[in-house]
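> Structure supplied as coords.txt; contents: compact mmCIF, C-alpha atoms and all ligand atoms.
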# COMPACT_ATOMS: atom_id res chain seq x y z
CA MET I 1341 -263.11 89.45 139.76
CA LYS I 1342 -259.48 89.28 138.54
CA LYS I 1343 -257.68 92.55 137.89
CA ILE I 1344 -255.32 93.03 134.98
CA LEU I 1345 -253.07 96.05 134.76
CA VAL I 1346 -252.45 97.03 131.14
CA LEU I 1347 -249.27 98.97 130.38
CA PRO I 1348 -249.14 99.81 126.66
CA GLY I 1349 -245.75 101.56 126.98
CA ASP I 1350 -244.00 103.18 124.03
CA GLY I 1351 -243.48 102.91 120.27
CA ILE I 1352 -245.61 100.12 118.81
CA GLY I 1353 -246.68 99.16 122.37
CA PRO I 1354 -250.06 100.95 122.27
CA GLU I 1355 -250.82 99.59 118.77
CA ILE I 1356 -250.20 95.93 119.60
CA VAL I 1357 -251.78 96.12 123.06
CA ALA I 1358 -254.98 97.55 121.54
CA GLU I 1359 -255.31 94.39 119.42
CA ALA I 1360 -254.51 92.12 122.37
CA LEU I 1361 -257.28 93.80 124.37
CA LYS I 1362 -259.80 93.14 121.60
CA VAL I 1363 -258.86 89.47 121.79
CA LEU I 1364 -259.13 89.50 125.59
CA ASP I 1365 -262.61 91.07 125.34
CA LYS I 1366 -263.66 88.33 122.95
CA VAL I 1367 -262.49 85.47 125.20
CA LYS I 1368 -264.06 87.16 128.24
CA GLU I 1369 -267.38 87.05 126.45
CA LYS I 1370 -266.91 83.57 124.98
CA PHE I 1371 -265.74 81.90 128.20
CA ASN I 1372 -267.64 84.11 130.62
CA LEU I 1373 -264.47 85.24 132.43
CA ALA I 1374 -264.62 87.58 135.43
CA ILE I 1375 -261.74 89.86 134.45
CA GLU I 1376 -261.44 93.63 134.59
CA THR I 1377 -258.67 95.73 133.08
CA GLU I 1378 -257.14 99.01 134.14
CA GLU I 1379 -254.57 101.06 132.21
CA GLY I 1380 -251.33 102.51 133.55
CA VAL I 1381 -248.06 104.04 132.41
CA LEU I 1382 -244.55 102.57 132.32
CA GLY I 1383 -241.30 103.52 130.60
CA GLY I 1384 -241.14 106.55 128.33
CA ALA I 1385 -244.88 107.16 128.59
CA ALA I 1386 -244.50 107.27 132.39
CA ILE I 1387 -241.52 109.64 132.20
CA ASP I 1388 -243.65 112.00 130.10
CA ALA I 1389 -246.71 111.72 132.34
CA GLU I 1390 -245.16 111.40 135.81
CA GLY I 1391 -241.46 112.20 135.50
CA HIS I 1392 -240.40 108.64 136.40
CA PRO I 1393 -240.28 105.35 134.38
CA TYR I 1394 -242.02 103.41 137.18
CA PRO I 1395 -243.95 106.05 139.11
CA GLU I 1396 -245.69 105.51 142.42
CA VAL I 1397 -249.13 105.47 140.85
CA THR I 1398 -248.10 102.54 138.60
CA GLN I 1399 -246.46 100.77 141.55
CA LYS I 1400 -249.75 100.87 143.46
CA GLN I 1401 -251.64 99.52 140.45
CA ALA I 1402 -249.04 96.77 139.86
CA LEU I 1403 -249.11 95.61 143.48
CA ALA I 1404 -252.91 95.40 143.43
CA ALA I 1405 -253.20 93.57 140.09
CA ASP I 1406 -253.48 89.79 139.57
CA ALA I 1407 -251.53 90.03 136.31
CA ILE I 1408 -249.92 92.65 134.10
CA LEU I 1409 -249.94 92.94 130.32
CA LEU I 1410 -247.12 95.03 128.90
CA GLY I 1411 -246.50 96.25 125.35
CA ALA I 1412 -242.89 97.45 125.22
CA VAL I 1413 -240.90 100.39 126.53
CA GLY I 1414 -238.16 102.67 125.23
CA GLY I 1415 -237.33 104.76 122.21
CA PRO I 1416 -234.98 107.43 120.87
CA LYS I 1417 -237.00 110.20 122.50
CA TRP I 1418 -235.74 109.12 125.95
CA ASP I 1419 -232.25 107.90 124.99
CA LYS I 1420 -230.82 111.35 125.59
CA ILE I 1421 -231.84 111.51 129.26
CA GLU I 1422 -228.53 111.83 131.13
CA ASP I 1423 -229.71 110.44 134.48
CA ILE I 1424 -229.78 106.70 133.68
CA THR I 1425 -232.05 106.03 136.66
CA ILE I 1426 -234.89 107.62 134.73
CA ARG I 1427 -234.47 105.81 131.44
CA PRO I 1428 -237.50 103.76 130.22
CA GLU I 1429 -235.69 100.40 130.72
CA LYS I 1430 -235.36 101.21 134.45
CA GLY I 1431 -239.15 101.02 134.60
CA LEU I 1432 -238.98 97.44 133.42
CA LEU I 1433 -236.25 96.43 135.88
CA GLY I 1434 -238.10 98.29 138.65
CA ILE I 1435 -241.38 96.44 138.19
CA ARG I 1436 -239.64 93.04 137.80
CA SER I 1437 -237.69 93.45 141.02
CA GLN I 1438 -240.48 95.05 143.08
CA LEU I 1439 -242.85 92.22 142.21
CA GLU I 1440 -240.07 89.58 142.57
CA LEU I 1441 -240.75 88.15 139.13
CA PHE I 1442 -237.96 85.59 139.30
CA SER I 1443 -239.22 83.07 136.79
CA ASN I 1444 -239.06 84.06 133.15
CA LEU I 1445 -240.88 81.72 130.77
CA ARG I 1446 -239.99 82.12 127.12
CA PRO I 1447 -241.58 79.75 124.66
CA ALA I 1448 -239.97 79.42 121.25
CA ILE I 1449 -242.68 78.06 119.01
CA LEU I 1450 -242.38 77.79 115.28
CA TYR I 1451 -245.75 77.49 113.63
CA PRO I 1452 -245.34 75.06 110.72
CA GLN I 1453 -246.91 77.72 108.49
CA LEU I 1454 -243.87 79.96 109.15
CA ALA I 1455 -241.10 77.36 108.81
CA ASP I 1456 -239.56 79.36 105.94
CA ALA I 1457 -238.95 82.34 108.27
CA SER I 1458 -236.17 80.49 110.14
CA SER I 1459 -232.57 80.65 109.03
CA LEU I 1460 -232.37 76.91 109.77
CA LYS I 1461 -233.63 74.20 107.42
CA PRO I 1462 -237.43 73.79 107.69
CA GLU I 1463 -237.15 70.08 108.64
CA ILE I 1464 -234.97 70.98 111.65
CA VAL I 1465 -237.31 73.64 113.04
CA SER I 1466 -240.80 72.98 111.68
CA GLY I 1467 -243.15 72.39 114.60
CA LEU I 1468 -240.53 73.47 117.14
CA ASP I 1469 -242.06 74.02 120.59
CA ILE I 1470 -239.57 74.73 123.40
CA LEU I 1471 -240.05 76.53 126.70
CA ILE I 1472 -237.02 78.17 128.27
CA VAL I 1473 -237.34 78.90 131.99
CA ARG I 1474 -234.79 81.55 132.96
CA GLU I 1475 -234.01 82.67 136.50
CA LEU I 1476 -234.50 86.44 136.32
CA THR I 1477 -233.55 88.10 139.60
CA GLY I 1478 -230.28 86.42 140.66
CA GLY I 1479 -227.00 85.08 139.34
CA ILE I 1480 -224.09 87.07 138.00
CA TYR I 1481 -226.21 90.04 136.83
CA PHE I 1482 -227.05 90.85 140.45
CA GLY I 1483 -224.25 89.16 142.47
CA THR I 1484 -222.06 91.26 144.74
CA PRO I 1485 -219.25 92.18 145.21
CA ARG I 1486 -218.97 93.67 141.75
CA GLY I 1487 -217.19 96.62 140.24
CA PHE I 1488 -213.78 97.79 139.10
CA ARG I 1489 -210.56 97.85 141.09
CA GLU I 1490 -206.92 98.57 140.55
CA LEU I 1491 -204.45 95.70 140.78
CA GLU I 1492 -201.01 95.94 142.40
CA ASN I 1493 -199.40 96.26 138.99
CA GLY I 1494 -201.61 99.27 138.27
CA ALA I 1495 -203.85 97.46 135.77
CA LYS I 1496 -207.59 97.92 136.08
CA GLU I 1497 -209.76 94.87 136.74
CA GLY I 1498 -213.51 94.44 136.32
CA PHE I 1499 -215.17 91.77 138.47
CA ASN I 1500 -218.55 90.17 139.12
CA THR I 1501 -219.87 87.46 141.38
CA TYR I 1502 -221.76 84.41 140.15
CA LYS I 1503 -223.79 83.02 143.01
CA TYR I 1504 -226.99 81.13 143.63
CA SER I 1505 -228.40 80.06 146.99
CA GLU I 1506 -230.36 76.82 147.52
CA PRO I 1507 -233.72 78.63 147.97
CA GLU I 1508 -233.17 80.63 144.77
CA ILE I 1509 -232.40 77.45 142.80
CA GLU I 1510 -235.24 75.55 144.40
CA ARG I 1511 -237.92 78.12 143.50
CA ILE I 1512 -236.87 78.37 139.84
CA GLY I 1513 -236.53 74.58 139.75
CA ARG I 1514 -240.09 74.13 141.01
CA SER I 1515 -241.33 76.65 138.47
CA ALA I 1516 -239.67 74.64 135.69
CA PHE I 1517 -240.83 71.21 136.93
CA GLU I 1518 -244.40 72.57 137.17
CA ALA I 1519 -244.18 73.92 133.62
CA ALA I 1520 -242.78 70.61 132.32
CA LYS I 1521 -245.62 68.76 134.05
CA LYS I 1522 -248.14 70.88 132.11
CA ARG I 1523 -246.31 70.26 128.81
CA GLY I 1524 -244.32 67.32 127.41
CA GLY I 1525 -242.90 66.07 130.74
CA LYS I 1526 -239.22 66.60 129.82
CA LEU I 1527 -236.95 69.02 131.66
CA CYS I 1528 -233.34 69.75 130.71
CA SER I 1529 -231.38 71.70 133.32
CA VAL I 1530 -228.52 73.68 131.80
CA ASP I 1531 -225.40 74.48 133.83
CA LYS I 1532 -221.63 74.61 133.75
CA ALA I 1533 -221.13 72.19 136.64
CA ASN I 1534 -217.74 71.09 135.29
CA VAL I 1535 -216.33 74.56 136.09
CA LEU I 1536 -218.60 76.68 138.31
CA GLU I 1537 -219.38 75.87 141.96
CA ALA I 1538 -222.63 77.84 141.84
CA THR I 1539 -223.86 75.51 139.14
CA ILE I 1540 -222.63 72.36 140.91
CA LEU I 1541 -225.10 73.38 143.60
CA TRP I 1542 -227.67 74.16 140.87
CA ARG I 1543 -227.39 70.56 139.59
CA GLU I 1544 -227.59 69.10 143.11
CA VAL I 1545 -230.78 71.01 143.91
CA MET I 1546 -232.43 70.03 140.59
CA ASP I 1547 -231.61 66.35 141.33
CA ARG I 1548 -233.02 66.73 144.83
CA LEU I 1549 -236.33 68.10 143.46
CA ALA I 1550 -236.74 65.46 140.74
CA PRO I 1551 -238.33 62.68 142.90
CA GLU I 1552 -241.13 65.10 143.83
CA TYR I 1553 -242.10 65.28 140.15
CA PRO I 1554 -242.18 61.63 139.00
CA GLU I 1555 -244.07 62.59 135.84
CA VAL I 1556 -241.14 64.74 134.68
CA GLU I 1557 -237.96 63.26 133.21
CA LEU I 1558 -234.97 65.41 134.29
CA SER I 1559 -231.71 65.60 132.35
CA HIS I 1560 -228.65 67.85 132.63
CA MET I 1561 -226.58 69.54 129.95
CA TYR I 1562 -223.57 71.85 129.97
CA VAL I 1563 -224.36 75.26 128.53
CA ASP I 1564 -221.86 75.05 125.68
CA ASN I 1565 -223.39 71.79 124.51
CA ALA I 1566 -226.91 73.23 124.99
CA ALA I 1567 -226.05 76.11 122.64
CA MET I 1568 -224.78 73.62 120.08
CA GLN I 1569 -227.80 71.30 120.43
CA LEU I 1570 -230.22 74.25 120.07
CA VAL I 1571 -229.02 74.91 116.55
CA ARG I 1572 -228.27 71.25 115.68
CA ALA I 1573 -231.44 69.46 116.79
CA PRO I 1574 -233.67 71.87 118.73
CA LYS I 1575 -236.73 69.62 118.69
CA GLN I 1576 -235.05 67.28 121.25
CA PHE I 1577 -235.99 69.85 123.94
CA ASP I 1578 -239.28 70.36 125.75
CA VAL I 1579 -238.55 72.59 128.79
CA MET I 1580 -235.08 73.97 129.58
CA VAL I 1581 -234.25 75.60 132.92
CA THR I 1582 -231.18 77.69 133.55
CA GLY I 1583 -229.71 80.68 135.39
CA ASN I 1584 -230.01 84.32 134.49
CA MET I 1585 -227.01 84.78 132.19
CA PHE I 1586 -227.16 81.43 130.36
CA GLY I 1587 -230.92 81.93 129.99
CA ASP I 1588 -230.45 85.39 128.56
CA ILE I 1589 -228.27 84.02 125.80
CA LEU I 1590 -230.01 80.70 125.12
CA SER I 1591 -233.50 82.21 125.03
CA ASP I 1592 -232.48 84.73 122.38
CA CYS I 1593 -230.88 81.94 120.39
CA ALA I 1594 -234.04 79.83 120.68
CA ALA I 1595 -236.20 82.81 119.70
CA MET I 1596 -234.20 83.31 116.57
CA LEU I 1597 -234.68 79.67 115.56
CA THR I 1598 -238.22 80.73 114.81
CA GLY I 1599 -237.09 83.70 112.73
CA SER I 1600 -240.01 85.86 113.73
CA ILE I 1601 -239.56 88.15 116.69
CA GLY I 1602 -243.12 89.45 116.27
CA MET I 1603 -244.56 86.03 117.17
CA LEU I 1604 -243.05 85.27 120.58
CA PRO I 1605 -244.67 85.95 123.97
CA SER I 1606 -243.11 85.76 127.43
CA ALA I 1607 -244.12 85.58 131.07
CA SER I 1608 -242.30 86.63 134.23
CA LEU I 1609 -243.80 85.05 137.34
CA ASP I 1610 -243.51 85.40 141.10
CA LYS I 1611 -243.82 82.50 143.54
CA ASN I 1612 -247.62 82.68 143.49
CA ASN I 1613 -247.82 82.76 139.69
CA LYS I 1614 -248.70 86.43 139.61
CA GLY I 1615 -247.01 87.58 136.46
CA MET I 1616 -246.15 90.16 133.88
CA TYR I 1617 -246.74 89.16 130.26
CA GLU I 1618 -245.11 90.81 127.27
CA PRO I 1619 -243.88 90.14 123.76
CA ILE I 1620 -240.14 89.41 123.66
CA HIS I 1621 -239.55 92.22 121.16
CA GLY I 1622 -239.00 95.89 121.96
CA SER I 1623 -240.92 99.03 121.06
CA ALA I 1624 -239.77 98.99 117.39
CA PRO I 1625 -239.59 102.78 116.98
CA ASP I 1626 -238.65 102.27 113.32
CA ILE I 1627 -242.17 101.11 112.48
CA ALA I 1628 -244.22 102.80 115.24
CA GLY I 1629 -247.34 104.65 114.09
CA GLN I 1630 -247.45 102.92 110.71
CA GLY I 1631 -250.03 100.27 111.61
CA ILE I 1632 -247.79 97.45 110.37
CA ALA I 1633 -246.49 95.90 113.63
CA ASN I 1634 -247.29 92.26 114.26
CA PRO I 1635 -249.66 92.02 117.26
CA LEU I 1636 -249.48 88.21 117.55
CA ALA I 1637 -246.70 88.08 120.19
CA THR I 1638 -248.80 90.32 122.43
CA ILE I 1639 -251.97 88.34 121.70
CA LEU I 1640 -250.08 85.12 122.58
CA SER I 1641 -248.91 86.86 125.78
CA VAL I 1642 -252.58 87.18 126.73
CA ALA I 1643 -252.90 83.42 126.22
CA MET I 1644 -249.94 82.82 128.56
CA MET I 1645 -251.52 85.17 131.12
CA LEU I 1646 -254.76 83.18 131.03
CA ARG I 1647 -252.86 79.90 131.42
CA TYR I 1648 -250.32 80.77 134.12
CA SER I 1649 -251.83 83.56 136.26
CA LEU I 1650 -255.57 83.18 135.75
CA ASP I 1651 -255.89 79.37 135.43
CA GLU I 1652 -258.05 79.61 132.32
CA ALA I 1653 -256.32 77.02 130.13
CA GLU I 1654 -259.34 76.56 127.86
CA ALA I 1655 -259.39 80.24 126.91
CA ALA I 1656 -255.60 80.19 126.45
CA ASN I 1657 -255.84 77.21 124.09
CA ALA I 1658 -258.59 78.94 122.13
CA ILE I 1659 -256.40 82.00 121.52
CA GLU I 1660 -253.44 79.88 120.44
CA LYS I 1661 -255.67 77.92 118.07
CA ALA I 1662 -257.11 81.16 116.65
CA VAL I 1663 -253.57 82.43 115.93
CA SER I 1664 -252.77 79.20 114.12
CA ASP I 1665 -256.06 79.53 112.18
CA VAL I 1666 -255.25 83.04 110.90
CA LEU I 1667 -251.86 81.78 109.74
CA ASP I 1668 -253.71 78.96 107.92
CA GLN I 1669 -255.79 81.68 106.24
CA ASN I 1670 -252.43 82.96 104.86
CA LEU I 1671 -252.77 86.29 106.67
CA ARG I 1672 -249.36 87.85 107.39
CA THR I 1673 -248.13 91.14 108.80
CA ALA I 1674 -245.14 92.62 106.97
CA ASP I 1675 -242.51 91.02 109.25
CA ILE I 1676 -243.66 87.46 108.44
CA TYR I 1677 -244.86 88.11 104.90
CA SER I 1678 -243.72 85.92 102.03
CA GLU I 1679 -244.85 85.72 98.43
CA GLY I 1680 -248.32 84.39 97.78
CA MET I 1681 -249.56 85.37 101.26
CA LYS I 1682 -252.07 88.11 102.10
CA LYS I 1683 -250.43 91.13 103.73
CA VAL I 1684 -252.49 92.64 106.57
CA SER I 1685 -252.14 95.58 108.97
CA THR I 1686 -251.86 95.41 112.76
CA SER I 1687 -255.58 95.98 113.25
CA GLU I 1688 -256.61 93.60 110.45
CA MET I 1689 -254.53 90.87 112.10
CA GLY I 1690 -256.16 91.59 115.48
CA ALA I 1691 -259.62 91.51 113.89
CA ALA I 1692 -258.84 88.21 112.14
CA VAL I 1693 -257.89 86.57 115.46
CA VAL I 1694 -261.11 87.86 117.05
CA ALA I 1695 -263.08 86.49 114.09
CA ALA I 1696 -261.32 83.10 114.38
CA LEU I 1697 -262.38 82.96 118.03
P1 LIG U 1701 -236.97 95.80 118.77
O1 LIG U 1701 -237.37 94.45 119.19
O2 LIG U 1701 -237.86 96.91 119.17
O3 LIG U 1701 -236.87 95.83 117.16
C1 LIG U 1701 -235.95 95.00 116.44
C2 LIG U 1701 -236.46 94.87 114.98
O4 LIG U 1701 -237.61 94.02 114.96
C3 LIG U 1701 -236.92 96.19 114.37
O5 LIG U 1701 -236.59 96.22 113.01
C4 LIG U 1701 -238.42 96.17 114.54
O6 LIG U 1701 -239.12 96.92 113.56
C5 LIG U 1701 -238.73 94.68 114.43
N1 LIG U 1701 -239.91 94.33 115.26
C6 LIG U 1701 -239.95 94.24 116.60
N2 LIG U 1701 -241.18 93.92 117.01
C7 LIG U 1701 -241.94 93.82 115.89
C8 LIG U 1701 -243.32 93.52 115.66
N3 LIG U 1701 -244.18 93.25 116.66
N4 LIG U 1701 -243.75 93.51 114.39
C9 LIG U 1701 -242.91 93.74 113.38
N5 LIG U 1701 -241.61 94.04 113.52
C10 LIG U 1701 -241.13 94.07 114.77
O7 LIG U 1701 -235.49 96.03 119.28
P2 LIG U 1701 -234.56 97.35 119.21
O8 LIG U 1701 -234.79 98.05 117.91
O9 LIG U 1701 -233.25 96.88 119.60
O10 LIG U 1701 -235.09 98.28 120.39
C11 LIG U 1701 -236.01 99.35 120.21
C12 LIG U 1701 -236.39 99.92 121.56
O11 LIG U 1701 -237.06 98.92 122.33
C13 LIG U 1701 -235.19 100.35 122.41
O12 LIG U 1701 -235.51 101.54 123.08
C14 LIG U 1701 -235.00 99.21 123.39
O13 LIG U 1701 -234.40 99.62 124.59
C15 LIG U 1701 -236.44 98.79 123.61
N6 LIG U 1701 -236.60 97.40 124.07
C16 LIG U 1701 -237.61 97.19 124.96
C17 LIG U 1701 -237.90 95.91 125.38
C18 LIG U 1701 -239.04 95.70 126.32
O14 LIG U 1701 -239.84 96.60 126.52
N7 LIG U 1701 -239.18 94.54 126.92
C19 LIG U 1701 -237.15 94.82 124.89
C20 LIG U 1701 -236.16 95.07 123.94
C21 LIG U 1701 -235.89 96.38 123.54
How does the structure come out when it is put into structure tokens?
Ligand code: NAD


Amino acid sequence: MKKILVLPGDGIGPEIVAEALKVLDKVKEKFNLAIETEEGVLGGAAIDAEGHPYPEVTQKQALAADAILLGAVGGPKWDKIEDITIRPEKGLLGIRSQLELFSNLRPAILYPQLADASSLKPEIVSGLDILIVRELTGGIYFGTPRGFRELENGAKEGFNTYKYSEPEIERIGRSAFEAAKKRGGKLCSVDKANVLEATILWREVMDRLAPEYPEVELSHMYVDNAAMQLVRAPKQFDVMVTGNMFGDILSDCAAMLTGSIGMLPSASLDKNNKGMYEPIHGSAPDIAGQGIANPLATILSVAMMLRYSLDEAEAANAIEKAVSDVLDQNLRTADIYSEGMKKVSTSEMGAAVVAAL
């Protein structure tokens, strides 16, 4: 029996997670899956219940689980807390680092039915299907020494350290090669090897791994060119792998190619493919409680969980197909609505996916 920890979180989190759980129940029944779920608290909800964004009780549950499904955390209610170590976002960082979730997988998929939602021309983005693999626990965001210091001339200087070790590069590289193997067989490694030593090493390690994955075609691209290519001809990419900072920027850019933040799931995996799955959007306090949030990103996160942590590709495919089917039925939540479509609520969208399954 596989154990899933469910963390609805804050804002629209509980609303969208409720729909995702209905979909999970349906695939459990349809594919006879041995999965049990348990609920816990994270973020603002955890501060309210336990006085900490990632309390001990949740830590125990997270360590024991095979996978974690998260809604979203944060909201204005907790923004005023002065001690920044007990802000909701610290819960997220806490769970990622405790579980060593170093590999962040962010697909940017544009369903042809939603091609009008992108700010790019439909012919450039229609059918887009990219996976960005971002290193999540290293690089310049974590490198030391870091801080502020005073220079001899009295001016203040801020400084950070960009570093990657061979084992860190190798494990994210393997994660990306494995993902490319399961998809279109193309991997583009993004670096700045013309300027940064850490990424010269990055490129060397990727090249060293390549012969172990003969079914994957590896290429390299500088990050500035990658940014340009993402908005010029994004369909040239299958899987992209890059460090923490470049990945942060490129994955948001890729997400926006699709124009619909409510549609995109993500996974953060450890070295054994235990993972946390969540929509890429936040807790959307502006629409919380109105029953209008789009649950599809969270539902698609369940599909990723089945594929990557639970090895149930058939069930994952079925969910993704059901999502495409409800879009074919012209059902749209408010965020992806356009004229002539049928506007539905959060729970109606969830029910439609269950029905399509
Ligand atoms: P956001 O993603 O919550 O919202 C941005 C905009 O997109 C809003 O207008 C919102 O209504 C809309 N939106 C987001 N998800 C939607 C959905 N499923 N359906 C329809 N519309 C949707 O980003 P924000 O407003 O910058 O942040 C709000 C809160 O979320 C903050 O407290 C922030 O810290 C937190 N946050 C959490 C996470 C996370 O939990 N992983 C990520 C980002 C932001």

> Residues around (-234.5, 72.2, 134.9), cut-off 6 Å, counting only C-alpha atoms - what are they as a PyMOL selection string?

chain I and resi 1513+1516+1527-1529+1580-1581

> Excluding same-chain residues fewer than 3 positions from segment 1619-1636 of chain I, what lies within 6 Å of it counting all atoms listed in the file, as an mmCIF file with C-alpha atoms, in the frame of the given file?


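Once written, result.cif looks like this:
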data_model
loop_
_atom_site.group_PDB
_atom_site.id
_atom_site.type_symbol
_atom_site.label_atom_id
_atom_site.label_comp_id
_atom_site.auth_asym_id
_atom_site.auth_seq_id
_atom_site.Cartn_x
_atom_site.Cartn_y
_atom_site.Cartn_z
ATOM 1 C CA ASP I 1350 -244.000 103.180 124.030
ATOM 2 C CA GLY I 1351 -243.480 102.910 120.270
ATOM 3 C CA ILE I 1352 -245.610 100.120 118.810
ATOM 4 C CA GLY I 1353 -246.680 99.160 122.370
ATOM 5 C CA ILE I 1356 -250.200 95.930 119.600
ATOM 6 C CA ALA I 1412 -242.890 97.450 125.220
ATOM 7 C CA VAL I 1413 -240.900 100.390 126.530
ATOM 8 C CA GLY I 1602 -243.120 89.450 116.270
ATOM 9 C CA MET I 1603 -244.560 86.030 117.170
ATOM 10 C CA LEU I 1604 -243.050 85.270 120.580
ATOM 11 C CA PRO I 1605 -244.670 85.950 123.970
ATOM 12 C CA SER I 1606 -243.110 85.760 127.430
ATOM 13 C CA ILE I 1639 -251.970 88.340 121.700
ATOM 14 C CA LEU I 1640 -250.080 85.120 122.580
ATOM 15 C CA THR I 1673 -248.130 91.140 108.800
ATOM 16 C CA SER I 1685 -252.140 95.580 108.970
ATOM 17 C CA THR I 1686 -251.860 95.410 112.760
#

> Quick one: of I:Glu1557, I:Glu1359, I:Asp1423, I:Glu1552, who's nearest to ligand LIG 1701 (chain U), counting only C-alpha atoms and all ligand atoms?

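When distances to ligand LIG 1701 (chain U) are compared using only C-alpha atoms and all ligand atoms, the smallest one comes from I:Glu1359.
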
> Residues at most 8 Å from Met1681 of chain I, counting all atoms listed in the file, excluding those fewer than 5 positions away in the same chain, as a PyMOL selection string?

chain I and resi 1670-1672

> Put the listed atoms of segment 1391-1410 of chain I in a box along x, y and z with 6 Å added on every side and give me the centre and edge lengths in Å to one decimal, as AutoDock Vina command-line options.


--center_x -246.9 --center_y 101.0 --center_z 136.2 --size_x 25.2 --size_y 34.4 --size_z 26.6

> Please determine, counting only C-alpha atoms, which residue among I:Ile1601, I:Gly1383, I:Ala1374, I:Asp1365 has the shortest atom-to-atom distance to Glu1652 of chain I.

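The closest residue to Glu1652 of chain I is I:Ala1374.
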
> What separation in Å, quoted to one decimal, exists between atom C5 of ligand LIG 1701 (chain U) and atom CA of Glu1463 of chain I?

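Here the two named atoms are 25.3 Å from each other.
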
> Please identify all polymer residues within 12 Å of Asn1565 of chain I, counting only C-alpha atoms, omitting same-chain residues fewer than 2 positions from it, and present them as a list of chain:residue names.

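Close residues of Asn1565 of chain I: I:Cys1528, I:Ser1529, I:Val1530, I:Asp1531, I:Lys1532, I:His1560, I:Met1561, I:Tyr1562, I:Val1563, I:Ala1567, I:Met1568, I:Gln1569, I:Leu1570, I:Val1571, I:Arg1572, I:Ala1573, I:Pro1574, I:Phe1586, I:Leu1590.
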
> Quick one, how far is atom CA of Leu1597 of chain I from atom CA of Lys1522 of chain I?

23.1 Å

> Taking only residues of segment 1569-1656 of chain I that have an atom at most 9 Å from an atom of segment 1479-1500 of chain I, what is each one's shortest atom pair and its distance in Å to one decimal, using only C-alpha atoms, in chain and number order, as a tab-separated table?


residue	atom	partner	partner_atom	distance
I:Gly1583	CA	I:Gly1479	CA	6.5
I:Asn1584	CA	I:Gly1479	CA	5.8
I:Met1585	CA	I:Ile1480	CA	6.9

> Do a neighbour search on Asn1613 of chain I at 12 Å with all atoms listed in the file, toss out local chain neighbours closer than 6 positions, and write the hits as a count of residues only.

25
